[in-house]
Number of protein chains: 2
Amino acid sequence: MPITLKEIAKQAGISISSVSLVLNNKPNRISEQTKELIKKIAEENQYRPNTIARSLVTRQTKTLGLIIPDIENIFFSKLAKILEIEVRKEGYTLIIVNSNDKFSEDLLLIDLLISRGVDGLFLAISNESYLHEEELVEKLTKLPIPFVMIDRILESFECNKVYFDNITGAYLATKYLLEQGHRKISCVCNTYISKNSLSRINGYKKAMDEYKIKVPKEYIIPANYRVEGGYLAGEQILKTDCTAIFVCNDMMTLGVIKKFYECGIHVPDDYSIVSYDNLLSDFLFGIKLSSVDQDINELGISSWKVLKDCLVSDDQKRESIPQDICLSPKLIIR
Amino acid sequence: MPITLKEIAKQAGISISSVSLVLNNKPNRISEQTKELIKKIAEENQYRPNTIARSLVTRQTKTLGLIIPDIENIFFSKLAKILEIEVRKEGYTLIIVNSNDKFSEDLLLIDLLISRGVDGLFLAISNESYLHEEELVEKLTKLPIPFVMIDRILESFECNKVYFDNITGAYLATKYLLEQGHRKISCVCNTYISKNSLSRINGYKKAMDEYKIKVPKEYIIPANYRVEGGYLAGEQILKTDCTAIFVCNDMMTLGVIKKFYECGIHVPDDYSIVSYDNLLSDFLFGIKLSSVDQDINELGISSWKVLKDCLVSDDQKRESIPQDICLSPKLIIR
DNA sequence: CAGAGATGATAAAACGTTTTATCAACGTGG
DNA sequence: CCACGTTGATAAAACGTTTTATCATCTCTG
């Protein structure tokens, strides 16, 4: 059992208050002599303050929660990493939890973290939660702590949010293919529930519109956002007459290329592809893949800045208007 | 501010004790009527126990710590995921922190988590920590809570540990290449500090020994464990006359293949490769890569079982002998 | 109707901190 | 020598729980 303030006080023959004051460098009028004695005893016994007890009275745990849909997804593990680094610089600890892209888990984990006494929350909601927007908004509205939505946001809900401009990203990607001379461009995208994917489709359509190209129905190919989805999408693509493809994320791109490879079809000789996420540079050989890059570090750093603002003074917490930060993706041409 | 036991008690006109007893389903002799009243008030006000306060008296936080070297590394993010799922089933919360493969961070994070009051610790140490084994052992020996070392273990230190048999893994891989008729087999491995890598080299040598093959010095090619390392190793390989390669992890394999690709060399036509980790199936096209598979789920589940044993009864905690669990990897042939 | 047992509930200490108001003792200036 | 400022330090409440020993009150039973 670790040593407590009480025991230090006893050993030094003084009061608990004095020990606390000195060890926390709080303004006090303890003599230099006593100070040194206290510090010596604390040092010798490896005193570590009991964070639990401290939290009970200060009403803050210096702990933050992060809810992500899938820690195995490199996008989110990168996000978790940068957030962990950043918040720790400020003396906070991050609790990372996985919702497994389930709405019910989002709800449950919010409660769990609140009950754990986190001071604030980073929230990248599951895709499933978009099907229960109302319920989620109700929950978030009565949250007793500040929070910021990351990447997966609710457009119509006013709250702190940091995210990427998916429309522009997709627009840039599609426009690049158009500028390369392509006119028959298909789009592989998760059309089921992912809001971000829908935005990407809109960006794609916007670019096509500008070139007065009417998009045939079969050019928009739905797929889940995993490799298998891309693989299946690859089959569909072959049935169209397109010459270029905009794929809405890297995992699906892998699937598409895999299918193509098996069919003896080469990228970029037979098809031009622009992907999304720019996370594949280590994995593809000989295939120079252009991709829309989202600066995850910036996403993390901005999110922390937003949340930190809410944390500094709980007086303002209530009044301060929520921040809405939209980051611009870049097209990386290879 | 959330509702407390005290307030429920006041509203119901009874004592705090009664409320606590009822809400925790502790053996009590409160009348059904009162019980219902308490539950109703708690429900209506969305009572959530203050975990902080509870922890202060029960002396357990139902929180565990996990220290990993790199959350971006898919091996560790998979591990984190399975652990998080498993411990949550038992009502625990996992705090995941990153050491960035730094010894100093290992030390610091241990203190951080202890001070956070975690009940137990999962520890996958940084490679750098192997250079400071003595110091680390000293720290771990005086840890006030149970812990289990995962994957990255200290061989000569008696403590709970769950890990893979790296010698056998490498042995199987090398033997497979030998059985395929190869005799000139090189080995790409991190020889600097990674203990697991050294074991793999030993497994490799063991297989070569069995076939009475003397391994030329230049066949053992040192590399860091990242893609760049593999890329550089690729250059070295080309200077040898080997026909097959055992690469000690998947990231380096990617690097090797990348280098080869740039040189117009084909796998497996020009070189046979067996890799380690079996994490690349989604990323390689047309290259059927045999690889040593480590069951990360089993690693996580076993580790949790070991730690859980220490958590159940703190009477035994001191006396129980540490568990040493060695898992066997499998060779996946493609 | 006395004593015993059952029933329903509670008082109070404890966990380890933080923080503010208060206290005693000691100069010092007028 | 009185009043006052300074110095060094502390007492005590508070945070929200858990848990055990204890307390009334009631109801049987012989």
# chains A, B, ... in the order shown; residues from 1 in each chain; ligands from 1
$ residues_around --residues "segment 4-6 of chain D" --least-positions-apart "6" --cutoff "9 Å" --atoms "only C-alpha atoms (C1' of nucleotides)" --output "PyMOL selection string"
chain C and resi 26-28
$ write_last_selection --atoms "all heavy atoms" --output "PDB file, in the first residue's frame"
ATOM      1  P    DC C  26       6.168  32.869  21.071  1.00  0.00           P
ATOM      2  OP1  DC C  26       7.216  31.874  21.341  1.00  0.00           O
ATOM      3  OP2  DC C  26       5.480  33.562  22.173  1.00  0.00           O
ATOM      4  O5'  DC C  26       6.787  33.966  20.100  1.00  0.00           O
ATOM      5  C5'  DC C  26       6.905  33.674  18.700  1.00  0.00           C
ATOM      6  C4'  DC C  26       7.007  34.970  17.950  1.00  0.00           C
ATOM      7  O4'  DC C  26       5.689  35.495  17.674  1.00  0.00           O
ATOM      8  C3'  DC C  26       7.759  36.087  18.695  1.00  0.00           C
ATOM      9  O3'  DC C  26       8.821  36.531  17.885  1.00  0.00           O
ATOM     10  C2'  DC C  26       6.709  37.160  18.920  1.00  0.00           C
ATOM     11  C1'  DC C  26       5.762  36.901  17.751  1.00  0.00           C
ATOM     12  N1   DC C  26       4.379  37.416  17.924  1.00  0.00           N
ATOM     13  C2   DC C  26       3.805  38.152  16.878  1.00  0.00           C
ATOM     14  O2   DC C  26       4.461  38.363  15.842  1.00  0.00           O
ATOM     15  N3   DC C  26       2.530  38.623  17.019  1.00  0.00           N
ATOM     16  C4   DC C  26       1.856  38.382  18.154  1.00  0.00           C
ATOM     17  N4   DC C  26       0.605  38.853  18.243  1.00  0.00           N
ATOM     18  C5   DC C  26       2.429  37.632  19.232  1.00  0.00           C
ATOM     19  C6   DC C  26       3.679  37.171  19.072  1.00  0.00           C
ATOM     20  P    DG C  27      10.041  37.262  18.588  1.00  0.00           P
ATOM     21  OP1  DG C  27      11.059  37.503  17.525  1.00  0.00           O
ATOM     22  OP2  DG C  27      10.405  36.599  19.847  1.00  0.00           O
ATOM     23  O5'  DG C  27       9.382  38.652  18.969  1.00  0.00           O
ATOM     24  C5'  DG C  27      10.013  39.867  18.621  1.00  0.00           C
ATOM     25  C4'  DG C  27       9.742  40.208  17.155  1.00  0.00           C
ATOM     26  O4'  DG C  27       8.335  39.941  16.851  1.00  0.00           O
ATOM     27  C3'  DG C  27       9.959  41.687  16.854  1.00  0.00           C
ATOM     28  O3'  DG C  27      10.425  41.859  15.533  1.00  0.00           O
ATOM     29  C2'  DG C  27       8.583  42.306  17.056  1.00  0.00           C
ATOM     30  C1'  DG C  27       7.635  41.168  16.686  1.00  0.00           C
ATOM     31  N9   DG C  27       6.468  41.130  17.578  1.00  0.00           N
ATOM     32  C8   DG C  27       6.374  40.509  18.795  1.00  0.00           C
ATOM     33  N7   DG C  27       5.189  40.639  19.342  1.00  0.00           N
ATOM     34  C5   DG C  27       4.468  41.383  18.418  1.00  0.00           C
ATOM     35  C6   DG C  27       3.125  41.834  18.454  1.00  0.00           C
ATOM     36  O6   DG C  27       2.280  41.661  19.341  1.00  0.00           O
ATOM     37  N1   DG C  27       2.788  42.566  17.320  1.00  0.00           N
ATOM     38  C2   DG C  27       3.656  42.830  16.278  1.00  0.00           C
ATOM     39  N2   DG C  27       3.155  43.551  15.281  1.00  0.00           N
ATOM     40  N3   DG C  27       4.906  42.406  16.211  1.00  0.00           N
ATOM     41  C4   DG C  27       5.244  41.689  17.331  1.00  0.00           C
ATOM     42  P    DT C  28      11.393  43.169  15.272  1.00  0.00           P
ATOM     43  OP1  DT C  28      12.179  42.800  14.070  1.00  0.00           O
ATOM     44  OP2  DT C  28      12.060  43.531  16.542  1.00  0.00           O
ATOM     45  O5'  DT C  28      10.420  44.362  14.902  1.00  0.00           O
ATOM     46  C5'  DT C  28       9.193  44.108  14.223  1.00  0.00           C
ATOM     47  C4'  DT C  28       8.367  45.381  14.247  1.00  0.00           C
ATOM     48  O4'  DT C  28       7.224  45.221  15.128  1.00  0.00           O
ATOM     49  C3'  DT C  28       9.093  46.629  14.757  1.00  0.00           C
ATOM     50  O3'  DT C  28       8.668  47.744  14.010  1.00  0.00           O
ATOM     51  C2'  DT C  28       8.629  46.737  16.203  1.00  0.00           C
ATOM     52  C1'  DT C  28       7.184  46.272  16.051  1.00  0.00           C
ATOM     53  N1   DT C  28       6.526  45.723  17.265  1.00  0.00           N
ATOM     54  C2   DT C  28       5.175  45.950  17.439  1.00  0.00           C
ATOM     55  O2   DT C  28       4.498  46.558  16.665  1.00  0.00           O
ATOM     56  N3   DT C  28       4.646  45.395  18.588  1.00  0.00           N
ATOM     57  C4   DT C  28       5.330  44.676  19.562  1.00  0.00           C
ATOM     58  O4   DT C  28       4.747  44.233  20.542  1.00  0.00           O
ATOM     59  C5   DT C  28       6.744  44.492  19.318  1.00  0.00           C
ATOM     60  C7   DT C  28       7.584  43.738  20.301  1.00  0.00           C
ATOM     61  C6   DT C  28       7.283  45.026  18.203  1.00  0.00           C
TER      62       DT C  28
END
$ residues_around --residues "DT20 of chain C" --least-positions-apart "6" --cutoff "12 Å" --atoms "only C-alpha atoms (C1' of nucleotides)" --output "list in words"
Ser17 of chain A; DT10, DA11, DA12, DA13 and DA14 of chain D
$ closest_atom_pairs --of "chain B" --to "chain D" --cutoff "12 Å" --atoms "only C-alpha atoms (C1' of nucleotides)" --output "tab-separated table"
residue	atom	partner	partner_atom	distance
B:Pro2	CA	D:DG16	C1'	11.2
B:Ile3	CA	D:DG16	C1'	10.3
B:Thr4	CA	D:DG16	C1'	7.0
B:Leu5	CA	D:DG16	C1'	7.5
B:Lys6	CA	D:DG16	C1'	8.2
B:Glu7	CA	D:DG16	C1'	10.8
B:Ile16	CA	D:DT17	C1'	9.6
B:Ser17	CA	D:DT18	C1'	8.5
B:Ser18	CA	D:DT18	C1'	11.2
B:Val19	CA	D:DT17	C1'	11.1
B:Ser20	CA	D:DT18	C1'	7.9
B:Leu21	CA	D:DT18	C1'	8.8
B:Leu23	CA	D:DT18	C1'	11.9
B:Asn24	CA	D:DT18	C1'	10.1
B:Lys26	CA	D:DT19	C1'	10.2
B:Pro27	CA	D:DT19	C1'	11.3
B:Asn28	CA	D:DT19	C1'	11.6
B:Arg48	CA	D:DG16	C1'	11.4
B:Pro49	CA	D:DT17	C1'	8.3
B:Asn50	CA	D:DG16	C1'	6.6
B:Thr51	CA	D:DT17	C1'	8.4
B:Ile52	CA	D:DG16	C1'	8.1
B:Ala53	CA	D:DT17	C1'	4.9
B:Arg54	CA	D:DT17	C1'	4.6
B:Ser55	CA	D:DT17	C1'	8.0
B:Leu56	CA	D:DT17	C1'	7.7
B:Val57	CA	D:DT18	C1'	6.3
B:Thr58	CA	D:DT18	C1'	7.0
B:Arg59	CA	D:DT18	C1'	10.5
$ write_last_selection --atoms "N, CA and C atoms" --output "PDB file, in the first residue's frame"
ATOM      1  N   PRO B   2     -25.072  15.273 -11.701  1.00  0.00           N
ATOM      2  CA  PRO B   2     -25.833  14.036 -11.575  1.00  0.00           C
ATOM      3  C   PRO B   2     -26.372  13.880 -10.156  1.00  0.00           C
ATOM      4  N   ILE B   3     -27.405  13.080 -10.050  1.00  0.00           N
ATOM      5  CA  ILE B   3     -28.029  12.838  -8.747  1.00  0.00           C
ATOM      6  C   ILE B   3     -27.173  11.871  -7.917  1.00  0.00           C
ATOM      7  N   THR B   4     -27.194  12.063  -6.604  1.00  0.00           N
ATOM      8  CA  THR B   4     -26.377  11.213  -5.720  1.00  0.00           C
ATOM      9  C   THR B   4     -27.269  10.366  -4.823  1.00  0.00           C
ATOM     10  N   LEU B   5     -26.637   9.420  -4.158  1.00  0.00           N
ATOM     11  CA  LEU B   5     -27.356   8.587  -3.204  1.00  0.00           C
ATOM     12  C   LEU B   5     -28.055   9.465  -2.172  1.00  0.00           C
ATOM     13  N   LYS B   6     -27.329  10.455  -1.720  1.00  0.00           N
ATOM     14  CA  LYS B   6     -27.865  11.344  -0.684  1.00  0.00           C
ATOM     15  C   LYS B   6     -29.195  11.959  -1.097  1.00  0.00           C
ATOM     16  N   GLU B   7     -29.245  12.407  -2.329  1.00  0.00           N
ATOM     17  CA  GLU B   7     -30.462  13.066  -2.796  1.00  0.00           C
ATOM     18  C   GLU B   7     -31.614  12.086  -2.947  1.00  0.00           C
ATOM     19  N   ILE B  16     -29.205   6.979   3.504  1.00  0.00           N
ATOM     20  CA  ILE B  16     -28.311   6.710   2.382  1.00  0.00           C
ATOM     21  C   ILE B  16     -27.982   5.223   2.314  1.00  0.00           C
ATOM     22  N   SER B  17     -27.754   4.646   3.482  1.00  0.00           N
ATOM     23  CA  SER B  17     -27.379   3.233   3.528  1.00  0.00           C
ATOM     24  C   SER B  17     -28.390   2.375   2.783  1.00  0.00           C
ATOM     25  N   SER B  18     -29.648   2.613   3.100  1.00  0.00           N
ATOM     26  CA  SER B  18     -30.697   1.804   2.482  1.00  0.00           C
ATOM     27  C   SER B  18     -30.631   1.909   0.972  1.00  0.00           C
ATOM     28  N   VAL B  19     -30.483   3.119   0.485  1.00  0.00           N
ATOM     29  CA  VAL B  19     -30.444   3.331  -0.958  1.00  0.00           C
ATOM     30  C   VAL B  19     -29.279   2.565  -1.563  1.00  0.00           C
ATOM     31  N   SER B  20     -28.128   2.693  -0.943  1.00  0.00           N
ATOM     32  CA  SER B  20     -26.943   2.009  -1.453  1.00  0.00           C
ATOM     33  C   SER B  20     -27.167   0.504  -1.501  1.00  0.00           C
ATOM     34  N   LEU B  21     -27.658  -0.018  -0.396  1.00  0.00           N
ATOM     35  CA  LEU B  21     -27.893  -1.460  -0.302  1.00  0.00           C
ATOM     36  C   LEU B  21     -28.811  -1.943  -1.426  1.00  0.00           C
ATOM     37  N   LEU B  23     -29.756  -0.414  -4.312  1.00  0.00           N
ATOM     38  CA  LEU B  23     -29.299  -0.182  -5.673  1.00  0.00           C
ATOM     39  C   LEU B  23     -28.149  -1.117  -6.060  1.00  0.00           C
ATOM     40  N   ASN B  24     -27.459  -1.652  -5.081  1.00  0.00           N
ATOM     41  CA  ASN B  24     -26.371  -2.575  -5.393  1.00  0.00           C
ATOM     42  C   ASN B  24     -26.765  -4.037  -5.200  1.00  0.00           C
ATOM     43  N   LYS B  26     -27.338  -5.612  -2.645  1.00  0.00           N
ATOM     44  CA  LYS B  26     -26.621  -6.246  -1.536  1.00  0.00           C
ATOM     45  C   LYS B  26     -27.648  -6.883  -0.601  1.00  0.00           C
ATOM     46  N   PRO B  27     -27.275  -7.954   0.076  1.00  0.00           N
ATOM     47  CA  PRO B  27     -28.212  -8.571   1.015  1.00  0.00           C
ATOM     48  C   PRO B  27     -28.715  -7.522   2.009  1.00  0.00           C
ATOM     49  N   ASN B  28     -30.007  -7.451   2.140  1.00  0.00           N
ATOM     50  CA  ASN B  28     -30.569  -6.436   3.036  1.00  0.00           C
ATOM     51  C   ASN B  28     -31.959  -6.859   3.480  1.00  0.00           C
ATOM     52  N   ARG B  48     -26.551   7.355 -11.816  1.00  0.00           N
ATOM     53  CA  ARG B  48     -25.353   6.594 -12.194  1.00  0.00           C
ATOM     54  C   ARG B  48     -24.386   6.700 -11.032  1.00  0.00           C
ATOM     55  N   PRO B  49     -23.993   5.593 -10.464  1.00  0.00           N
ATOM     56  CA  PRO B  49     -23.082   5.683  -9.314  1.00  0.00           C
ATOM     57  C   PRO B  49     -21.813   6.424  -9.685  1.00  0.00           C
ATOM     58  N   ASN B  50     -21.307   7.174  -8.773  1.00  0.00           N
ATOM     59  CA  ASN B  50     -20.046   7.874  -8.973  1.00  0.00           C
ATOM     60  C   ASN B  50     -18.900   6.889  -8.736  1.00  0.00           C
ATOM     61  N   THR B  51     -18.329   6.473  -9.867  1.00  0.00           N
ATOM     62  CA  THR B  51     -17.286   5.440  -9.791  1.00  0.00           C
ATOM     63  C   THR B  51     -16.103   5.883  -8.952  1.00  0.00           C
ATOM     64  N   ILE B  52     -15.837   7.161  -9.003  1.00  0.00           N
ATOM     65  CA  ILE B  52     -14.713   7.705  -8.265  1.00  0.00           C
ATOM     66  C   ILE B  52     -14.881   7.462  -6.773  1.00  0.00           C
ATOM     67  N   ALA B  53     -16.035   7.883  -6.287  1.00  0.00           N
ATOM     68  CA  ALA B  53     -16.290   7.749  -4.851  1.00  0.00           C
ATOM     69  C   ALA B  53     -16.286   6.279  -4.448  1.00  0.00           C
ATOM     70  N   ARG B  54     -16.907   5.491  -5.273  1.00  0.00           N
ATOM     71  CA  ARG B  54     -16.960   4.067  -4.977  1.00  0.00           C
ATOM     72  C   ARG B  54     -15.556   3.480  -4.897  1.00  0.00           C
ATOM     73  N   SER B  55     -14.728   3.857  -5.848  1.00  0.00           N
ATOM     74  CA  SER B  55     -13.371   3.321  -5.897  1.00  0.00           C
ATOM     75  C   SER B  55     -12.589   3.666  -4.637  1.00  0.00           C
ATOM     76  N   LEU B  56     -12.852   4.849  -4.149  1.00  0.00           N
ATOM     77  CA  LEU B  56     -12.104   5.314  -2.983  1.00  0.00           C
ATOM     78  C   LEU B  56     -12.302   4.358  -1.813  1.00  0.00           C
ATOM     79  N   VAL B  57     -13.506   3.860  -1.666  1.00  0.00           N
ATOM     80  CA  VAL B  57     -13.741   2.964  -0.531  1.00  0.00           C
ATOM     81  C   VAL B  57     -13.501   1.495  -0.867  1.00  0.00           C
ATOM     82  N   THR B  58     -13.882   1.077  -2.052  1.00  0.00           N
ATOM     83  CA  THR B  58     -13.681  -0.342  -2.382  1.00  0.00           C
ATOM     84  C   THR B  58     -12.232  -0.640  -2.731  1.00  0.00           C
ATOM     85  N   ARG B  59     -11.480   0.383  -3.003  1.00  0.00           N
ATOM     86  CA  ARG B  59     -10.078   0.222  -3.351  1.00  0.00           C
ATOM     87  C   ARG B  59      -9.870  -0.517  -4.660  1.00  0.00           C
TER      88      ARG B  59
END
$ interface_residues --of "chain C" --to "chain B" --cutoff "8 Å" --atoms "only C-alpha atoms (C1' of nucleotides)" --output "mmCIF file with C-alpha atoms (C1' of nucleotides), in the first residue's frame"
data_model
loop_
_atom_site.group_PDB
_atom_site.id
_atom_site.type_symbol
_atom_site.label_atom_id
_atom_site.label_comp_id
_atom_site.auth_asym_id
_atom_site.auth_seq_id
_atom_site.Cartn_x
_atom_site.Cartn_y
_atom_site.Cartn_z
ATOM 1 C "C1'" DT C 7 -38.131 -7.353 10.668
ATOM 2 C "C1'" DG C 8 -36.925 -2.905 8.809
ATOM 3 C "C1'" DA C 9 -33.782 0.329 8.744
ATOM 4 C "C1'" DT C 10 -29.908 3.393 10.096
ATOM 5 C "C1'" DA C 14 -13.730 5.129 6.436
ATOM 6 C "C1'" DC C 15 -11.315 5.988 1.858
ATOM 7 C "C1'" DG C 16 -7.285 10.214 0.678
#
$ interface_residues --of "chain B" --to "chain A" --cutoff "9 Å" --atoms "only C-alpha atoms" --output "MDAnalysis selection string"
chainID B and resid 1:2 48:53 55:56 61 70:74 77:78 80:81 84:85 93:98 111:117 144 227 251 254:255 257:259 261:262 282:286
$ closest_atom_pairs --of "segment 156-227 of chain B" --to "segment 120-124 of chain B" --cutoff "10 Å" --atoms "only C-alpha atoms" --output "tab-separated table"
residue	atom	partner	partner_atom	distance
B:Asn160	CA	B:Phe122	CA	9.9
B:Lys161	CA	B:Leu123	CA	9.1
B:Tyr163	CA	B:Ala124	CA	9.9
$ write_last_selection --atoms "N, CA, C and O atoms" --output "PDB file, in the first residue's frame"
ATOM      1  N   ASN B 160       4.074 -13.145 -14.411  1.00  0.00           N
ATOM      2  CA  ASN B 160       3.055 -13.592 -15.359  1.00  0.00           C
ATOM      3  C   ASN B 160       3.464 -13.189 -16.765  1.00  0.00           C
ATOM      4  O   ASN B 160       3.834 -12.032 -17.008  1.00  0.00           O
ATOM      5  N   LYS B 161       3.381 -14.122 -17.694  1.00  0.00           N
ATOM      6  CA  LYS B 161       3.729 -13.781 -19.066  1.00  0.00           C
ATOM      7  C   LYS B 161       3.005 -14.677 -20.056  1.00  0.00           C
ATOM      8  O   LYS B 161       2.792 -15.864 -19.807  1.00  0.00           O
ATOM      9  N   TYR B 163       3.114 -15.340 -24.297  1.00  0.00           N
ATOM     10  CA  TYR B 163       3.915 -14.952 -25.466  1.00  0.00           C
ATOM     11  C   TYR B 163       3.928 -16.089 -26.483  1.00  0.00           C
ATOM     12  O   TYR B 163       3.450 -17.186 -26.217  1.00  0.00           O
TER      13      TYR B 163
END
$ residues_around --residues "Tyr219 of chain B" --least-positions-apart "2" --cutoff "7 Å" --atoms "only C-alpha atoms (C1' of nucleotides)" --output "PDB file with all heavy atoms, in the first residue's frame"
ATOM      1  N   SER B 186      18.365 -16.988 -46.854  1.00  0.00           N
ATOM      2  CA  SER B 186      18.805 -15.885 -46.001  1.00  0.00           C
ATOM      3  C   SER B 186      17.690 -15.505 -45.020  1.00  0.00           C
ATOM      4  O   SER B 186      16.564 -15.972 -45.143  1.00  0.00           O
ATOM      5  CB  SER B 186      19.194 -14.668 -46.845  1.00  0.00           C
ATOM      6  OG  SER B 186      18.086 -14.199 -47.560  1.00  0.00           O
ATOM      7  N   CYS B 187      18.063 -14.673 -44.087  1.00  0.00           N
ATOM      8  CA  CYS B 187      17.126 -14.320 -43.015  1.00  0.00           C
ATOM      9  C   CYS B 187      17.200 -12.819 -42.755  1.00  0.00           C
ATOM     10  O   CYS B 187      18.268 -12.285 -42.436  1.00  0.00           O
ATOM     11  CB  CYS B 187      17.501 -15.104 -41.760  1.00  0.00           C
ATOM     12  SG  CYS B 187      16.633 -14.587 -40.273  1.00  0.00           S
ATOM     13  N   VAL B 215      25.501 -21.513 -42.130  1.00  0.00           N
ATOM     14  CA  VAL B 215      24.927 -20.248 -42.591  1.00  0.00           C
ATOM     15  C   VAL B 215      26.025 -19.212 -42.792  1.00  0.00           C
ATOM     16  O   VAL B 215      26.710 -18.843 -41.844  1.00  0.00           O
ATOM     17  CB  VAL B 215      23.911 -19.712 -41.563  1.00  0.00           C
ATOM     18  CG1 VAL B 215      23.360 -18.377 -42.029  1.00  0.00           C
ATOM     19  CG2 VAL B 215      22.794 -20.713 -41.348  1.00  0.00           C
ATOM     20  N   PRO B 216      26.197 -18.755 -44.025  1.00  0.00           N
ATOM     21  CA  PRO B 216      27.193 -17.703 -44.266  1.00  0.00           C
ATOM     22  C   PRO B 216      26.760 -16.424 -43.557  1.00  0.00           C
ATOM     23  O   PRO B 216      25.566 -16.136 -43.446  1.00  0.00           O
ATOM     24  CB  PRO B 216      27.148 -17.505 -45.777  1.00  0.00           C
ATOM     25  CG  PRO B 216      26.372 -18.649 -46.335  1.00  0.00           C
ATOM     26  CD  PRO B 216      25.489 -19.140 -45.248  1.00  0.00           C
ATOM     27  N   LYS B 217      27.748 -15.672 -43.091  1.00  0.00           N
ATOM     28  CA  LYS B 217      27.451 -14.433 -42.353  1.00  0.00           C
ATOM     29  C   LYS B 217      26.515 -13.511 -43.116  1.00  0.00           C
ATOM     30  O   LYS B 217      25.605 -12.924 -42.549  1.00  0.00           O
ATOM     31  CB  LYS B 217      28.772 -13.679 -42.075  1.00  0.00           C
ATOM     32  CG  LYS B 217      29.405 -14.019 -40.745  1.00  0.00           C
ATOM     33  CD  LYS B 217      29.971 -12.751 -40.086  1.00  0.00           C
ATOM     34  CE  LYS B 217      30.447 -13.009 -38.673  1.00  0.00           C
ATOM     35  NZ  LYS B 217      31.701 -13.772 -38.611  1.00  0.00           N
ATOM     36  N   ILE B 221      20.647 -10.834 -42.489  1.00  0.00           N
ATOM     37  CA  ILE B 221      20.598  -9.437 -42.905  1.00  0.00           C
ATOM     38  C   ILE B 221      19.814  -8.612 -41.891  1.00  0.00           C
ATOM     39  O   ILE B 221      18.605  -8.797 -41.725  1.00  0.00           O
ATOM     40  CB  ILE B 221      19.943  -9.332 -44.294  1.00  0.00           C
ATOM     41  CG1 ILE B 221      20.808 -10.095 -45.301  1.00  0.00           C
ATOM     42  CG2 ILE B 221      19.768  -7.882 -44.695  1.00  0.00           C
ATOM     43  CD1 ILE B 221      20.067 -10.523 -46.532  1.00  0.00           C
TER      44      ILE B 221
END
$ select_by_dssp --residues "segment 29-208 of chain B" --states "strand (DSSP E)" --output "PDB file with C-alpha atoms, in the first residue's frame"
ATOM      1  CA  THR B  63     -10.024  -0.289 -14.640  1.00  0.00           C
ATOM      2  CA  LEU B  64      -7.035  -1.955 -16.280  1.00  0.00           C
ATOM      3  CA  GLY B  65      -4.064  -0.499 -18.087  1.00  0.00           C
ATOM      4  CA  LEU B  66      -2.530  -1.632 -21.366  1.00  0.00           C
ATOM      5  CA  ILE B  67       0.853  -0.365 -22.422  1.00  0.00           C
ATOM      6  CA  ILE B  68       1.807  -1.043 -26.025  1.00  0.00           C
ATOM      7  CA  THR B  93     -12.538  -0.597 -18.558  1.00  0.00           C
ATOM      8  CA  LEU B  94      -9.243  -0.558 -20.403  1.00  0.00           C
ATOM      9  CA  ILE B  95      -6.908   2.411 -20.589  1.00  0.00           C
ATOM     10  CA  ILE B  96      -4.684   2.011 -23.630  1.00  0.00           C
ATOM     11  CA  VAL B  97      -1.447   3.952 -23.734  1.00  0.00           C
ATOM     12  CA  ASN B  98       1.406   4.146 -26.208  1.00  0.00           C
ATOM     13  CA  GLY B 120      -3.995  -4.486 -13.058  1.00  0.00           C
ATOM     14  CA  LEU B 121      -1.683  -4.028 -15.980  1.00  0.00           C
ATOM     15  CA  PHE B 122      -1.100  -5.563 -19.399  1.00  0.00           C
ATOM     16  CA  LEU B 123       2.418  -4.848 -20.469  1.00  0.00           C
ATOM     17  CA  PHE B 147       0.456  -7.429 -14.125  1.00  0.00           C
ATOM     18  CA  VAL B 148       1.101  -9.685 -17.071  1.00  0.00           C
ATOM     19  CA  MET B 149       3.743  -9.245 -19.728  1.00  0.00           C
ATOM     20  CA  ILE B 150       2.486  -9.832 -23.233  1.00  0.00           C
ATOM     21  CA  LYS B 161       3.729 -13.781 -19.066  1.00  0.00           C
ATOM     22  CA  VAL B 162       1.975 -14.818 -22.240  1.00  0.00           C
ATOM     23  CA  TYR B 163       3.915 -14.952 -25.466  1.00  0.00           C
ATOM     24  CA  PHE B 164       4.581 -16.824 -28.664  1.00  0.00           C
ATOM     25  CA  ILE B 185      18.181 -19.338 -47.411  1.00  0.00           C
ATOM     26  CA  SER B 186      18.805 -15.885 -46.001  1.00  0.00           C
ATOM     27  CA  CYS B 187      17.126 -14.320 -43.015  1.00  0.00           C
ATOM     28  CA  VAL B 188      16.032 -10.697 -42.661  1.00  0.00           C
ATOM     29  CA  CYS B 189      15.741  -9.771 -39.063  1.00  0.00           C
TER      30      CYS B 189
END
$ residues_around --residues "Asn249 of chain B" --least-positions-apart "3" --cutoff "10 Å" --atoms "only C-alpha atoms (C1' of nucleotides)" --output "PyMOL selection string"
chain B and resi 188-190+197+200+225-227+230+246+252-254+274-279+291-292
$ residues_around --residues "Ser328 of chain A" --least-positions-apart "3" --cutoff "10 Å" --atoms "only C-alpha atoms (C1' of nucleotides)" --output "PyMOL selection string"
chain A and resi 163-169+293-295+325+331
$ residues_around --residues "Ile213 of chain A" --least-positions-apart "2" --cutoff "12 Å" --atoms "only C-alpha atoms (C1' of nucleotides)" --output "list in words"
Thr174, Lys175, Leu178, His182, Arg183, Lys184, Ile185, Ser186, Tyr204, Lys205, Lys206, Ala207, Met208, Asp209, Glu210, Tyr211, Val215, Pro216 and Tyr219 of chain A
